[in-house]
$ cat coords10.cif   # mmCIF, C-alpha atoms
data_upload
loop_
_atom_site.group_PDB
_atom_site.id
_atom_site.type_symbol
_atom_site.label_atom_id
_atom_site.label_comp_id
_atom_site.auth_asym_id
_atom_site.auth_seq_id
_atom_site.Cartn_x
_atom_site.Cartn_y
_atom_site.Cartn_z
ATOM 1 C CA MET A 155 0.000 0.000 0.000
ATOM 2 C CA LEU A 156 2.846 2.390 0.903
ATOM 3 C CA GLY A 157 4.561 1.601 -2.397
ATOM 4 C CA ILE A 158 1.399 2.281 -4.381
ATOM 5 C CA GLY A 159 0.919 5.563 -2.504
ATOM 6 C CA ALA A 160 4.475 6.671 -3.250
ATOM 7 C CA GLN A 161 4.027 5.873 -6.950
ATOM 8 C CA ALA A 162 0.799 7.874 -7.051
ATOM 9 C CA ALA A 163 2.489 10.835 -5.375
ATOM 10 C CA ALA A 164 5.357 10.701 -7.875
ATOM 11 C CA ARG A 165 2.892 10.669 -10.766
ATOM 12 C CA ALA A 166 0.999 13.629 -9.292
ATOM 13 C CA GLU A 167 4.109 15.782 -8.959
ATOM 14 C CA VAL A 168 4.481 18.326 -11.757
ATOM 15 C CA THR A 169 7.668 20.079 -12.848
ATOM 16 C CA LEU A 170 7.007 23.546 -14.211
ATOM 17 C CA ARG A 171 9.698 24.849 -16.583
ATOM 18 C CA ILE A 172 9.799 28.646 -16.619
ATOM 19 C CA GLY A 173 11.728 30.620 -19.207
ATOM 20 C CA TYR A 174 12.747 34.203 -18.461
ATOM 21 C CA GLN A 175 15.217 36.893 -19.516
ATOM 22 C CA LYS A 176 17.170 39.627 -17.742
ATOM 23 C CA SER A 177 14.394 42.172 -18.302
ATOM 24 C CA SER A 178 11.763 39.819 -16.795
ATOM 25 C CA THR A 179 11.692 41.864 -13.613
ATOM 26 C CA LEU A 180 8.667 40.439 -11.815
ATOM 27 C CA MET A 181 9.430 36.792 -12.535
ATOM 28 C CA SER A 182 13.074 37.331 -11.599
ATOM 29 C CA LEU A 183 11.980 38.802 -8.273
ATOM 30 C CA LEU A 184 9.754 35.796 -7.603
ATOM 31 C CA LYS A 185 12.690 33.531 -8.400
ATOM 32 C CA LEU A 186 14.997 35.458 -6.099
ATOM 33 C CA GLN A 187 12.544 35.626 -3.216
ATOM 34 C CA GLY A 188 11.420 32.005 -3.605
ATOM 35 C CA THR A 189 7.770 32.867 -3.001
ATOM 36 C CA LEU A 190 6.462 31.293 -6.192
ATOM 37 C CA GLU A 191 8.291 28.034 -5.488
ATOM 38 C CA GLN A 192 6.897 27.967 -1.967
ATOM 39 C CA ARG A 193 3.312 28.456 -3.145
ATOM 40 C CA LEU A 194 3.576 25.936 -5.972
ATOM 41 C CA ALA A 195 5.219 23.339 -3.734
ATOM 42 C CA GLN A 196 1.965 23.279 -1.762
ATOM 43 C CA GLN A 197 0.283 22.092 -4.978
ATOM 44 C CA GLY A 198 2.937 19.464 -5.688
ATOM 45 C CA VAL A 199 4.641 21.554 -8.366
ATOM 46 C CA LYS A 200 8.421 22.010 -8.662
ATOM 47 C CA ILE A 201 10.056 24.735 -10.764
ATOM 48 C CA SER A 202 12.981 24.577 -13.166
ATOM 49 C CA TRP A 203 14.301 27.962 -14.333
ATOM 50 C CA TYR A 204 15.834 28.684 -17.753
ATOM 51 C CA GLU A 205 17.344 32.067 -18.712
ATOM 52 C CA PHE A 206 17.301 33.323 -22.327
ATOM 53 C CA SER A 207 19.109 36.220 -23.983
ATOM 54 C CA SER A 208 15.931 37.716 -25.475
ATOM 55 C CA GLY A 209 12.265 37.039 -26.152
ATOM 56 C CA LEU A 210 12.388 35.299 -29.539
ATOM 57 C CA PRO A 211 14.530 32.291 -28.487
ATOM 58 C CA LEU A 212 12.409 32.091 -25.322
ATOM 59 C CA LEU A 213 9.163 31.703 -27.268
ATOM 60 C CA GLU A 214 10.852 29.332 -29.704
ATOM 61 C CA ALA A 215 11.655 27.130 -26.690
ATOM 62 C CA LEU A 216 8.049 27.462 -25.525
ATOM 63 C CA ASN A 217 6.797 26.462 -28.975
ATOM 64 C CA ILE A 218 8.826 23.230 -29.015
ATOM 65 C CA CYS A 219 7.858 22.429 -25.394
ATOM 66 C CA HIS A 220 11.290 22.964 -23.866
ATOM 67 C CA VAL A 221 9.623 25.313 -21.362
ATOM 68 C CA ASP A 222 5.999 25.504 -20.184
ATOM 69 C CA ILE A 223 5.700 29.159 -19.162
ATOM 70 C CA SER A 224 7.271 32.304 -20.567
ATOM 71 C CA ALA A 225 7.931 35.281 -18.330
ATOM 72 C CA ASP A 226 7.117 38.612 -19.934
ATOM 73 C CA VAL A 227 8.253 39.231 -23.492
ATOM 74 C CA ALA A 228 7.766 42.315 -25.634
ATOM 75 C CA ASP A 229 4.536 42.558 -27.606
ATOM 76 C CA THR A 230 6.309 41.879 -30.898
ATOM 77 C CA VAL A 231 7.608 38.456 -29.911
ATOM 78 C CA PRO A 232 4.281 36.538 -29.798
ATOM 79 C CA VAL A 233 3.518 37.916 -33.265
ATOM 80 C CA PHE A 234 6.615 36.208 -34.677
ATOM 81 C CA ALA A 235 5.807 33.032 -32.745
ATOM 82 C CA GLN A 236 2.255 33.010 -34.106
ATOM 83 C CA ALA A 237 3.529 33.485 -37.656
ATOM 84 C CA ALA A 238 5.748 30.432 -37.100
ATOM 85 C CA GLY A 239 2.694 28.363 -36.170
ATOM 86 C CA ALA A 240 3.191 28.294 -32.406
ATOM 87 C CA ASP A 241 0.211 27.178 -30.314
ATOM 88 C CA LEU A 242 0.567 29.538 -27.366
ATOM 89 C CA THR A 243 -1.793 31.019 -24.781
ATOM 90 C CA TYR A 244 -1.650 34.572 -23.477
ATOM 91 C CA PHE A 245 -2.299 34.590 -19.728
ATOM 92 C CA ALA A 246 -1.239 38.044 -18.458
ATOM 93 C CA ARG A 247 0.210 41.349 -19.571
ATOM 94 C CA GLU A 248 1.920 44.383 -18.122
ATOM 95 C CA GLU A 249 0.299 47.687 -18.993
ATOM 96 C CA PRO A 250 2.079 49.884 -21.584
ATOM 97 C CA SER A 251 5.547 51.272 -20.848
ATOM 98 C CA PRO A 252 6.457 53.175 -24.030
ATOM 99 C CA ASN A 253 9.542 54.865 -22.600
ATOM 100 C CA ALA A 254 11.081 51.588 -21.476
ATOM 101 C CA GLN A 255 12.633 51.448 -24.973
ATOM 102 C CA ALA A 256 14.770 53.950 -26.843
ATOM 103 C CA ILE A 257 16.990 54.615 -29.834
ATOM 104 C CA LEU A 258 20.450 55.435 -28.477
ATOM 105 C CA VAL A 259 23.354 57.287 -30.056
ATOM 106 C CA ALA A 260 26.711 58.385 -28.648
ATOM 107 C CA ARG A 261 26.492 61.609 -26.652
ATOM 108 C CA ASP A 262 28.688 63.449 -29.184
ATOM 109 C CA SER A 263 27.015 61.848 -32.237
ATOM 110 C CA PRO A 264 26.023 64.212 -35.060
ATOM 111 C CA LEU A 265 22.670 62.398 -35.281
ATOM 112 C CA LYS A 266 20.005 64.750 -33.904
ATOM 113 C CA THR A 267 16.727 63.690 -35.541
ATOM 114 C CA LEU A 268 15.116 60.474 -36.744
ATOM 115 C CA ALA A 269 15.743 61.579 -40.331
ATOM 116 C CA ASP A 270 19.473 61.476 -39.574
ATOM 117 C CA LEU A 271 19.245 57.681 -39.292
ATOM 118 C CA LYS A 272 19.215 57.440 -43.089
ATOM 119 C CA GLY A 273 22.186 55.475 -44.348
ATOM 120 C CA LYS A 274 23.290 54.492 -40.842
ATOM 121 C CA ARG A 275 24.116 51.120 -39.333
ATOM 122 C CA ILE A 276 21.718 50.400 -36.462
ATOM 123 C CA ALA A 277 21.891 47.580 -33.921
ATOM 124 C CA VAL A 278 18.577 46.025 -32.943
ATOM 125 C CA THR A 279 17.418 42.680 -31.568
ATOM 126 C CA LYS A 280 15.275 40.826 -34.080
ATOM 127 C CA ALA A 281 11.588 40.467 -33.130
ATOM 128 C CA ALA A 282 12.072 42.409 -29.883
ATOM 129 C CA GLY A 283 9.883 45.379 -28.999
ATOM 130 C CA SER A 284 12.797 47.583 -29.984
ATOM 131 C CA HIS A 285 12.538 46.169 -33.512
ATOM 132 C CA TYR A 286 9.007 47.558 -33.819
ATOM 133 C CA LEU A 287 10.114 50.864 -32.278
ATOM 134 C CA LEU A 288 12.714 51.173 -35.046
ATOM 135 C CA ILE A 289 10.090 50.479 -37.726
ATOM 136 C CA ALA A 290 7.738 53.083 -36.231
ATOM 137 C CA ALA A 291 10.527 55.646 -35.868
ATOM 138 C CA LEU A 292 11.649 55.185 -39.472
ATOM 139 C CA GLU A 293 8.074 55.509 -40.676
ATOM 140 C CA LYS A 294 7.686 58.782 -38.760
ATOM 141 C CA ALA A 295 10.801 60.055 -40.543
ATOM 142 C CA GLN A 296 9.405 58.812 -43.875
ATOM 143 C CA LEU A 297 12.126 56.173 -44.069
ATOM 144 C CA THR A 298 12.075 52.376 -44.374
ATOM 145 C CA PHE A 299 14.458 49.556 -43.539
ATOM 146 C CA LYS A 300 15.865 49.937 -47.051
ATOM 147 C CA ASP A 301 17.225 53.319 -45.948
ATOM 148 C CA ILE A 302 19.367 51.863 -43.133
ATOM 149 C CA THR A 303 21.692 48.929 -42.503
ATOM 150 C CA PRO A 304 20.223 46.859 -39.653
ATOM 151 C CA ALA A 305 22.573 44.797 -37.494
ATOM 152 C CA TYR A 306 20.531 42.088 -35.783
ATOM 153 C CA LEU A 307 22.286 41.566 -32.464
ATOM 154 C CA THR A 308 21.502 40.312 -28.965
ATOM 155 C CA PRO A 309 21.533 43.003 -26.256
ATOM 156 C CA ALA A 310 25.047 41.993 -25.153
ATOM 157 C CA ASP A 311 26.399 42.091 -28.716
ATOM 158 C CA GLY A 312 24.495 45.304 -29.412
ATOM 159 C CA LEU A 313 26.141 46.940 -26.412
ATOM 160 C CA ALA A 314 29.586 45.797 -27.564
ATOM 161 C CA ALA A 315 29.000 47.128 -31.085
ATOM 162 C CA PHE A 316 27.721 50.422 -29.675
ATOM 163 C CA GLN A 317 30.667 50.835 -27.325
ATOM 164 C CA THR A 318 33.222 50.206 -30.057
ATOM 165 C CA GLY A 319 31.540 52.460 -32.605
ATOM 166 C CA LYS A 320 30.722 49.620 -35.006
ATOM 167 C CA VAL A 321 27.131 50.887 -35.202
ATOM 168 C CA ASP A 322 25.779 54.437 -35.374
ATOM 169 C CA ALA A 323 22.777 53.755 -33.154
ATOM 170 C CA TRP A 324 21.432 51.052 -30.865
ATOM 171 C CA VAL A 325 17.737 50.344 -30.242
ATOM 172 C CA THR A 326 17.153 48.558 -26.948
ATOM 173 C CA TRP A 327 15.098 48.380 -23.761
ATOM 174 C CA GLU A 328 15.455 48.795 -20.019
ATOM 175 C CA PRO A 329 17.630 48.312 -18.065
ATOM 176 C CA PHE A 330 20.034 48.545 -21.015
ATOM 177 C CA VAL A 331 18.811 52.054 -21.914
ATOM 178 C CA SER A 332 19.490 53.631 -18.520
ATOM 179 C CA SER A 333 22.722 51.706 -18.079
ATOM 180 C CA ALA A 334 24.014 52.912 -21.459
ATOM 181 C CA GLU A 335 23.054 56.499 -20.661
ATOM 182 C CA ARG A 336 24.866 56.460 -17.338
ATOM 183 C CA ARG A 337 27.768 54.119 -18.094
ATOM 184 C CA GLN A 338 28.433 54.247 -21.857
ATOM 185 C CA ASN A 339 27.924 57.963 -22.501
ATOM 186 C CA ALA A 340 24.806 57.295 -24.583
ATOM 187 C CA ARG A 341 22.124 59.793 -25.536
ATOM 188 C CA VAL A 342 18.462 59.048 -26.269
ATOM 189 C CA LEU A 343 17.671 60.060 -29.840
ATOM 190 C CA ALA A 344 14.034 58.980 -29.425
ATOM 191 C CA GLY A 345 11.995 57.104 -26.861
ATOM 192 C CA GLY A 346 8.854 55.119 -27.483
ATOM 193 C CA GLN A 347 6.331 57.742 -26.347
ATOM 194 C CA GLY A 348 4.078 58.644 -29.263
ATOM 195 C CA LEU A 349 5.470 55.833 -31.393
ATOM 196 C CA VAL A 350 4.658 52.514 -29.694
ATOM 197 C CA SER A 351 2.789 51.269 -26.617
ATOM 198 C CA TYR A 352 5.242 48.540 -25.611
ATOM 199 C CA GLN A 353 3.209 46.034 -23.651
ATOM 200 C CA ARG A 354 4.831 42.932 -22.212
ATOM 201 C CA TYR A 355 2.999 39.593 -22.304
ATOM 202 C CA TYR A 356 3.211 36.384 -20.291
ATOM 203 C CA LEU A 357 2.503 33.201 -22.227
ATOM 204 C CA SER A 358 2.066 29.483 -21.722
ATOM 205 C CA SER A 359 1.959 26.533 -24.040
ATOM 206 C CA SER A 360 -1.699 25.906 -24.795
ATOM 207 C CA ALA A 361 -1.359 22.311 -23.614
ATOM 208 C CA PHE A 362 -0.081 23.417 -20.198
ATOM 209 C CA ALA A 363 -2.787 26.082 -19.913
ATOM 210 C CA LYS A 364 -5.507 23.474 -20.501
ATOM 211 C CA GLN A 365 -3.992 20.912 -18.143
ATOM 212 C CA HIS A 366 -3.024 23.236 -15.280
ATOM 213 C CA PRO A 367 -5.254 26.329 -15.100
ATOM 214 C CA GLU A 368 -4.838 26.336 -11.312
ATOM 215 C CA VAL A 369 -1.081 26.839 -11.751
ATOM 216 C CA LEU A 370 -1.651 29.803 -14.077
ATOM 217 C CA ALA A 371 -4.070 31.273 -11.542
ATOM 218 C CA LEU A 372 -1.470 31.062 -8.786
ATOM 219 C CA ILE A 373 1.268 32.534 -10.995
ATOM 220 C CA TYR A 374 -1.055 35.367 -12.019
ATOM 221 C CA ARG A 375 -1.769 36.252 -8.378
ATOM 222 C CA GLN A 376 1.932 36.168 -7.529
ATOM 223 C CA LEU A 377 2.781 38.417 -10.484
ATOM 224 C CA THR A 378 0.173 41.018 -9.520
ATOM 225 C CA GLN A 379 1.517 41.072 -5.962
ATOM 226 C CA SER A 380 5.102 41.308 -7.177
ATOM 227 C CA GLY A 381 4.154 44.178 -9.504
ATOM 228 C CA ALA A 382 2.540 46.099 -6.669
ATOM 229 C CA TRP A 383 5.566 45.472 -4.433
ATOM 230 C CA VAL A 384 8.207 46.633 -6.898
ATOM 231 C CA THR A 385 6.172 49.756 -7.709
ATOM 232 C CA ALA A 386 5.772 50.719 -4.063
ATOM 233 C CA HIS A 387 9.331 50.024 -2.873
ATOM 234 C CA PRO A 388 12.811 51.166 -3.847
ATOM 235 C CA ALA A 389 14.257 48.625 -6.258
ATOM 236 C CA GLN A 390 16.934 47.391 -3.875
ATOM 237 C CA LEU A 391 16.733 43.845 -5.216
ATOM 238 C CA LEU A 392 16.983 44.740 -8.898
ATOM 239 C CA GLY A 393 20.612 45.882 -8.987
ATOM 240 C CA PRO A 394 22.036 42.358 -8.551
ATOM 241 C CA LEU A 395 19.457 40.948 -10.975
ATOM 242 C CA TRP A 396 20.508 43.446 -13.616
ATOM 243 C CA GLY A 397 24.250 42.878 -13.399
ATOM 244 C CA ASN A 398 25.023 44.805 -10.217
ATOM 245 C CA LEU A 399 23.755 48.137 -11.493
ATOM 246 C CA ASP A 400 24.025 51.064 -9.115
ATOM 247 C CA ALA A 401 20.916 52.319 -7.317
ATOM 248 C CA ALA A 402 20.519 55.486 -9.414
ATOM 249 C CA THR A 403 20.566 53.498 -12.675
ATOM 250 C CA VAL A 404 18.084 50.962 -11.305
ATOM 251 C CA GLU A 405 15.714 53.721 -10.166
ATOM 252 C CA GLN A 406 15.900 55.437 -13.549
ATOM 253 C CA ALA A 407 15.192 52.195 -15.431
ATOM 254 C CA ASN A 408 12.476 51.192 -13.005
ATOM 255 C CA ALA A 409 10.636 54.485 -13.461
ATOM 256 C CA HIS A 410 10.078 53.621 -17.135
ATOM 257 C CA ARG A 411 8.198 50.366 -16.459
ATOM 258 C CA SER A 412 4.560 50.109 -15.346
ATOM 259 C CA TYR A 413 4.729 46.623 -13.728
ATOM 260 C CA ARG A 414 0.927 46.613 -13.377
ATOM 261 C CA VAL A 415 -0.181 43.090 -14.298
ATOM 262 C CA VAL A 416 -3.681 42.804 -15.793
ATOM 263 C CA PRO A 417 -5.657 40.219 -17.782
ATOM 264 C CA VAL A 418 -5.296 39.950 -21.547
ATOM 265 C CA THR A 419 -8.437 41.012 -23.404
ATOM 266 C CA ARG A 420 -9.328 40.858 -27.076
ATOM 267 C CA ASP A 421 -9.345 44.670 -27.176
ATOM 268 C CA SER A 422 -5.820 44.805 -25.782
ATOM 269 C CA LEU A 423 -4.637 42.705 -28.737
ATOM 270 C CA ALA A 424 -5.462 45.480 -31.230
ATOM 271 C CA GLU A 425 -1.888 46.748 -31.012
ATOM 272 C CA GLN A 426 -0.707 43.211 -31.775
ATOM 273 C CA GLN A 427 -2.438 43.433 -35.144
ATOM 274 C CA ARG A 428 -0.776 46.768 -35.924
ATOM 275 C CA ILE A 429 2.591 45.235 -35.021
ATOM 276 C CA ALA A 430 1.932 42.187 -37.208
ATOM 277 C CA ASP A 431 0.879 44.338 -40.158
ATOM 278 C CA ALA A 432 3.960 46.556 -39.814
ATOM 279 C CA PHE A 433 6.312 43.568 -39.854
ATOM 280 C CA THR A 434 4.429 42.026 -42.791
ATOM 281 C CA GLN A 435 4.689 45.253 -44.800
ATOM 282 C CA ALA A 436 8.410 45.360 -44.019
ATOM 283 C CA TRP A 437 8.761 41.783 -45.356
ATOM 284 C CA LEU A 438 9.916 40.600 -41.930
ATOM 285 C CA LEU A 439 7.033 38.167 -41.455
ATOM 286 C CA PRO A 440 6.413 35.377 -43.979
ATOM 287 C CA LYS A 441 2.644 35.951 -44.081
ATOM 288 C CA ARG A 442 -0.101 38.138 -42.668
ATOM 289 C CA ILE A 443 -1.627 36.841 -39.443
ATOM 290 C CA ASP A 444 -4.783 37.493 -37.469
ATOM 291 C CA ALA A 445 -3.295 38.573 -34.141
ATOM 292 C CA GLN A 446 -6.580 37.928 -32.326
ATOM 293 C CA ALA A 447 -6.778 34.297 -33.496
ATOM 294 C CA VAL A 448 -4.989 33.135 -30.377
ATOM 295 C CA SER A 449 -5.866 31.465 -27.074
ATOM 296 C CA VAL A 450 -6.394 33.784 -24.122
ATOM 297 C CA TRP A 451 -6.616 32.558 -20.522
ATOM 298 C CA GLN A 452 -8.622 34.592 -18.022
ATOM 299 C CA PRO A 453 -7.934 34.631 -14.270
ATOM 300 C CA PRO A 454 -10.841 33.352 -12.142
ATOM 301 C CA ALA A 455 -13.027 35.993 -10.544
ATOM 302 C CA SER A 456 -11.728 36.806 -7.066
#
$ encode --input "coords10.cif" --output "structure tokens"
Amino acid sequence: MLGIGAQAAARAEVTLRIGYQKSSTLMSLLKLQGTLEQRLAQQGVKISWYEFSSGLPLLEALNICHVDISADVADTVPVFAQAAGADLTYFAREEPSPNAQAILVARDSPLKTLADLKGKRIAVTKAAGSHYLLIAALEKAQLTFKDITPAYLTPADGLAAFQTGKVDAWVTWEPFVSSAERRQNARVLAGGQGLVSYQRYYLSSSAFAKQHPEVLALIYRQLTQSGAWVTAHPAQLLGPLWGNLDAATVEQANAHRSYRVVPVTRDSLAEQQRIADAFTQAWLLPKRIDAQAVSVWQPPAS
């Protein structure tokens, strides 16, 4: 009887694989504090954590079932995943933070306006929110990607190229923006305000969402609490998470993020369609997609 009971307990135990990146502030805080693991352990769920360099490889891992849950990724990333045929479920979002992204140039750069980007080499991470910011900025200046030379680089490689002058501009997100301003003598040529909304989404594989809605509900509650905490307190825990940044840089970066976690609604996906259409028109997506033809999980009424 004891043996049968032990086998049943082993079968009931679930391992949740969570993918995240350096900018996944709320999920990183939960990982650091251990609160999510404590709550899930009460439901017989263990967590394995996997860090990714940016959102696109994270959702690629989610699509092929190497992870079950994705911490927040920029609004552009699910669009690329959907175009690749991924069966993913949106389960939460952070409200817009347009100024958490920016186009950076060297402080003494001759580039002063968006029109000055013509003919320049610009570092950007493919499929990231910053990629859409660059498209929107070029459009405002009546330019297209044909008018620039894009260098598709990870944030780390983008920083290296920017520091060594191998690119004329770098489009990135927080905390890289504030760090570059304060540490690498960077200047903001343009932020996202008036150009893009920049919402960040949390996603799950659709299979996991159907099998474990109670786990998503618990994660959603923990994220909302973490968002409220980090908004109300000095970001003393974020410096180590972001590569030992100093307090002033952390506070500057933190001020650009909303961190308010809310449900995903069909109306909130309208921007997703605009993003998808922009990438399609720029020949960066293989086909047009219906951005609302996705699965959306709703938290239970409290």
$ atom_distance --input "coords10.cif" --atom1 "atom CA of Leu377 of chain A" --atom2 "atom CA of Leu180 of chain A"
6.4 Å
$ closest_residue --input "coords10.cif" --among "A:Val342, A:Ala281, A:Ala361, A:Ala455" --to "Leu216 of chain A" --atoms "only C-alpha atoms"
A:Ala361
$ axis_aligned_box --input "coords10.cif" --around "segment 175-186 of chain A" --padding-each-side "6 Å" --output "AutoDock Vina command-line options"
--center_x 12.9 --center_y 37.9 --center_z -12.8 --size_x 20.5 --size_y 20.6 --size_z 25.4
$ closest_atom_pairs --input "coords10.cif" --of "segment 339-405 of chain A" --to "segment 438-454 of chain A" --cutoff "8 Å" --atoms "all atoms listed in the file" --output "JSON lines"
{"residue": "A:Ser360", "atom": "CA", "partner": "A:Ser449", "partner_atom": "CA", "distance": 7.3}
{"residue": "A:Ala363", "atom": "CA", "partner": "A:Trp451", "partner_atom": "CA", "distance": 7.5}
{"residue": "A:Leu370", "atom": "CA", "partner": "A:Pro453", "partner_atom": "CA", "distance": 7.9}
{"residue": "A:Ala371", "atom": "CA", "partner": "A:Pro453", "partner_atom": "CA", "distance": 5.8}
{"residue": "A:Tyr374", "atom": "CA", "partner": "A:Pro453", "partner_atom": "CA", "distance": 7.3}
$ atom_distance --input "coords10.cif" --atom1 "atom CA of Leu265 of chain A" --atom2 "atom CA of Ser251 of chain A"
25.0 Å
$ atom_distance --input "coords10.cif" --atom1 "atom CA of Leu268 of chain A" --atom2 "atom CA of Ser207 of chain A"
27.7 Å
$ resolve_selection --input "coords10.cif" --expression "the PyMOL selection byres ((chain A and resi 225) around 10)" --output "list in words"
Ile172, Gly173, Tyr174, Gln175, Ser177, Ser178, Thr179, Leu180, Met181, Ser182, Glu205, Gly209, Leu212, Leu213, Ile223, Ser224, Asp226, Val227, Ala246, Arg247, Arg354, Tyr355, Tyr356, Leu357, Ser358 and Leu377 of chain A
$ residues_near_point --input "coords10.cif" --point "(14.7, 55.2, -15.6)" --cutoff "8 Å" --atoms "only C-alpha atoms" --output "JSON, numbers by chain"
{"A": [254, 328, 329, 332, 403, 404, 405, 406, 407, 408, 409, 410]}
$ write_last_selection --input "coords10.cif" --atoms "C-alpha atoms" --output "JSON list (two decimals), keeping the file's coordinate frame"
[["chain", "number", "residue", "atom", "x", "y", "z"],
["A", 254, "ALA", "CA", 11.08, 51.59, -21.48],
["A", 328, "GLU", "CA", 15.46, 48.80, -20.02],
["A", 329, "PRO", "CA", 17.63, 48.31, -18.07],
["A", 332, "SER", "CA", 19.49, 53.63, -18.52],
["A", 403, "THR", "CA", 20.57, 53.50, -12.68],
["A", 404, "VAL", "CA", 18.08, 50.96, -11.30],
["A", 405, "GLU", "CA", 15.71, 53.72, -10.17],
["A", 406, "GLN", "CA", 15.90, 55.44, -13.55],
["A", 407, "ALA", "CA", 15.19, 52.20, -15.43],
["A", 408, "ASN", "CA", 12.48, 51.19, -13.00],
["A", 409, "ALA", "CA", 10.64, 54.48, -13.46],
["A", 410, "HIS", "CA", 10.08, 53.62, -17.14]]
$ residues_around --input "coords10.cif" --residues "Lys320 of chain A" --least-positions-apart "3" --cutoff "12 Å" --atoms "all atoms listed in the file" --output "ChimeraX atom specification"
/A:259-260,274-277,303-305,307,311-317,323-324
$ resolve_selection --input "coords10.cif" --expression "the PyMOL selection byres ((chain A and resi 233) around 8)" --output "number ranges by chain"
A: 229-232, 234-237, 426, 429-430, 445
$ closest_residue --input "coords10.cif" --among "A:Ala295, A:Leu183, A:Ala290, A:Leu343" --to "Leu258 of chain A" --atoms "all atoms listed in the file"
A:Leu343
$ resolve_selection --input "coords10.cif" --expression "the PyMOL selection byres ((chain A and resi 170) around 9)" --output "PyMOL selection string"
chain A and resi 168-169+171-172+199-203+221-223
$ closest_residue --input "coords10.cif" --among "A:Thr434, A:Thr385, A:Gln255, A:Asn217" --to "Gly239 of chain A" --atoms "only C-alpha atoms"
A:Asn217
$ closest_residue --input "coords10.cif" --among "A:Gly188, A:Pro250, A:Gly283, A:Pro309" --to "Gln353 of chain A" --atoms "all atoms listed in the file"
A:Pro250
$ closest_residue --input "coords10.cif" --among "A:Tyr286, A:Ile257, A:Lys280, A:Thr267" --to "Tyr352 of chain A" --atoms "only C-alpha atoms"
A:Tyr286
$ closest_residue --input "coords10.cif" --among "A:Glu368, A:Asp400, A:Asp421, A:Asp262" --to "Arg337 of chain A" --atoms "only C-alpha atoms"
A:Asp400
